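Enquirer: So that we are looking at the same thing, I have put the structure below in structure tokens.
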Amino acid sequence: MKFALVFPGQGSQSLGMMGAYGDNSVIRETFDEASQALGRDLWQLVTSGPAEALNQTVNTQPLMLTAGIAAYRLWLAQGGPRPALVAGHSLGEYSALVAAEAIPFRQAVPLVELRAKAMQEAVAAGEGAMAAILGLASALVQEACAESAQGQVVEAVNFNSPEQTVIAGHAAAVQRAVDSCKAKGAKRAMLLAVSAPFHCALMQPAAQKLKLGLAKVAVSRPVIPVLNNADVVCLLDPEQIRDSLVRQAASPVRWVEIMQTMAAQGVTHIYECGPGKVLAGLIKRCADGVTGGALADLAGINAAVTAVTADHSQEQPC
């Protein structure tokens with residue numbers, strides 16, 4: 001069995017989300033390390049909230065990074081081997097790079113906090129929007145965006161499955177695109193409760209701030225191949241990795257292509273590493289012949305460890 005791990009991003013957070021892993025020292029130590037790096041108590045926030053604070057972008061991004069790495073460390077502690085490939089959805093790419101030892105965890109936590117602040121500040125409140133388009137081919141979604149821009153920005157920014165695409169941009173343009181997608185036959189087209197229009201051209205100011213932050217972070221050659229969001233390739237050179245992360249902030253998340261590339265590389269099982277099961281639910285829709293699973297609790301981790309160690313052939317494909 002050749003398996004990969006993928007890490008969730010913003011949107012998979014929930015109050016008490018680490019409780020499913022049990023009272024485990026690996027989880028607590030990871031959160032303690034992140035809290036020290038930020039100078040504030042992330043464990044208190046994830047266990048006690050309030051939920052409003054948990055869902056603020058500046059808190060959510062460091063929390064989800066920490067949650068993903070805590071789950072990965074627990075995976076290793078339970079006897080899980082290194083995967084053949086890793087990737088992450090948006091913010092999750094940072095978790096993947098930490099798991100691949102390309103970025104030190106203690107530096108990644110404040111880096112994603114900086115990323116969150118930069119994204120939040122890039123567009124004034126109320127000026128941007130995002131919407132999910134379901135049941136419409138991505139090519140038609142892109143066509144609707146092109147027709148709806150009218151001098152503003154509206155773009156397809158998350159290609160989550162062949163029939164699930166998220167769009168982002170100026171609020172008025174996004175609403176026009178939503179209406180256009182419905183007219184083209186979308187089963188559902190709905191605005192999302194988000195704080196900024198992530199991954200569209202309006203995030204360019206955030207990308208420039210992120211570039212300055214990344215210049216101060218130690219980036220190394222990954223020990224596990226990481227399929228990136230911006231180009232769907234495995235990069236080895238630290239400067240190329242930095243450049244990819246800068247571009248990622250204002251570029252689409254090409255998740256369908258990432259899943260299909262993993263399948264083409266011979267990956268048969270993909271496990272979502274962290275709280276939630278959003279990515280696990282998308283896997284079968286993106287790539288034929290690939291089995292999806294979730295490491296969303298201790299039982300899930302133990303079951304996956306048993307499966308992959310029973311048939312473990314993990315040559316690295318990239």
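FYI, nothing fancy with the structure tokens labels: chains A, B, ... in order, residues from 1 per chain, ligands from 1 as they appear.
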Find the residues around segment 223-231 of chain A up to 10 Å (only C-alpha atoms counted), leave out those fewer than 3 positions away in its own chain, and share them as JSON, numbers by chain.
Expert: {"A": [4, 5, 6, 82, 83, 84, 85, 86, 87, 88, 89, 90, 91, 92, 93, 94, 96, 97, 99, 100, 101, 102, 158, 220, 234, 235, 236, 241, 243, 244, 245, 246, 247, 248, 249, 250, 251, 252, 253, 254, 255, 257, 258, 259, 261, 262, 316, 317, 318]}
Enquirer: Show me, as a tab-separated table, the residues of segment 14-103 of chain A having an atom within 9 Å of segment 109-125 of chain A, each with the closest atom pair and its distance in Å, using only C-alpha atoms.
Expert:
```
residue	atom	partner	partner_atom	distance
A:Ala34	CA	A:Val109	CA	6.3
A:Ser35	CA	A:Val109	CA	8.8
A:Ala37	CA	A:Pro110	CA	6.8
A:Leu38	CA	A:Pro110	CA	6.0
A:Thr57	CA	A:Ala116	CA	5.8
A:Val58	CA	A:Ala116	CA	4.9
A:Asn59	CA	A:Glu113	CA	7.3
A:Thr60	CA	A:Ala116	CA	8.4
A:Gln61	CA	A:Val112	CA	6.1
A:Pro62	CA	A:Val109	CA	5.5
A:Leu63	CA	A:Val109	CA	8.5
A:Leu65	CA	A:Val109	CA	7.1
A:Thr66	CA	A:Val109	CA	7.4
A:Leu91	CA	A:Val112	CA	7.8
A:Tyr94	CA	A:Val112	CA	7.8
```
Enquirer: From a backbone DSSP assignment, name each residue in segment 44-151 of chain A labelled strand (DSSP E or B), as a ChimeraX atom specification.
Expert: /A:85-88,128-134
Enquirer: Mind the document's chain letters and residue numbers, and return as an MDAnalysis selection string the residues of segment 33-253 of chain A that DSSP labels helix (DSSP H, G or I).
Expert: chainID A and resid 33:38 42:48 51:54 57:77 92:99 105:122 138:148 171:183 201:214 238:248
Enquirer: Report as a Markdown table: every residue of segment 17-84 of chain A with an atom at most 10 Å from segment 267-290 of chain A, its closest pair of atoms, and their distance in Å to one decimal, counting only C-alpha atoms, with rows sorted by chain and ascending residue number.
Expert:
```
| residue | atom | partner | partner_atom | distance |
| --- | --- | --- | --- | --- |
| A:Met17 | CA | A:Pro275 | CA | 6.1 |
| A:Met18 | CA | A:Pro275 | CA | 7.0 |
| A:Gly19 | CA | A:Pro275 | CA | 9.7 |
| A:Ala20 | CA | A:Pro275 | CA | 8.4 |
| A:Tyr21 | CA | A:Pro275 | CA | 9.2 |
| A:Met64 | CA | A:Gly274 | CA | 8.0 |
| A:Leu65 | CA | A:Gly274 | CA | 9.0 |
| A:Thr66 | CA | A:Gly274 | CA | 9.2 |
| A:Ala67 | CA | A:Gly274 | CA | 5.9 |
| A:Gly68 | CA | A:Gly274 | CA | 4.4 |
| A:Ile69 | CA | A:Gly274 | CA | 7.7 |
| A:Ala70 | CA | A:Gly274 | CA | 7.8 |
| A:Ala71 | CA | A:Gly274 | CA | 5.4 |
| A:Tyr72 | CA | A:Cys273 | CA | 6.4 |
| A:Trp75 | CA | A:Cys273 | CA | 8.6 |
| A:Pro83 | CA | A:Ile270 | CA | 9.3 |
| A:Ala84 | CA | A:Val267 | CA | 7.9 |
```
Enquirer: Which one is closest to Gln13 of chain A: A:Ala296, A:Ala307, A:Val166, A:Val141? Count only C-alpha atoms.
Expert: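 Going through A:Ala296, A:Ala307, A:Val166, A:Val141 one by one, the smallest distance to Gln13 of chain A is for A:Ala296.
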Enquirer: For Arg188 of chain A, which of A:Gln164, A:Gln208, A:Gln175, A:Ser48 is the closest residue, counting only C-alpha atoms?
Expert: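 The closest residue to Arg188 of chain A is A:Gln164.
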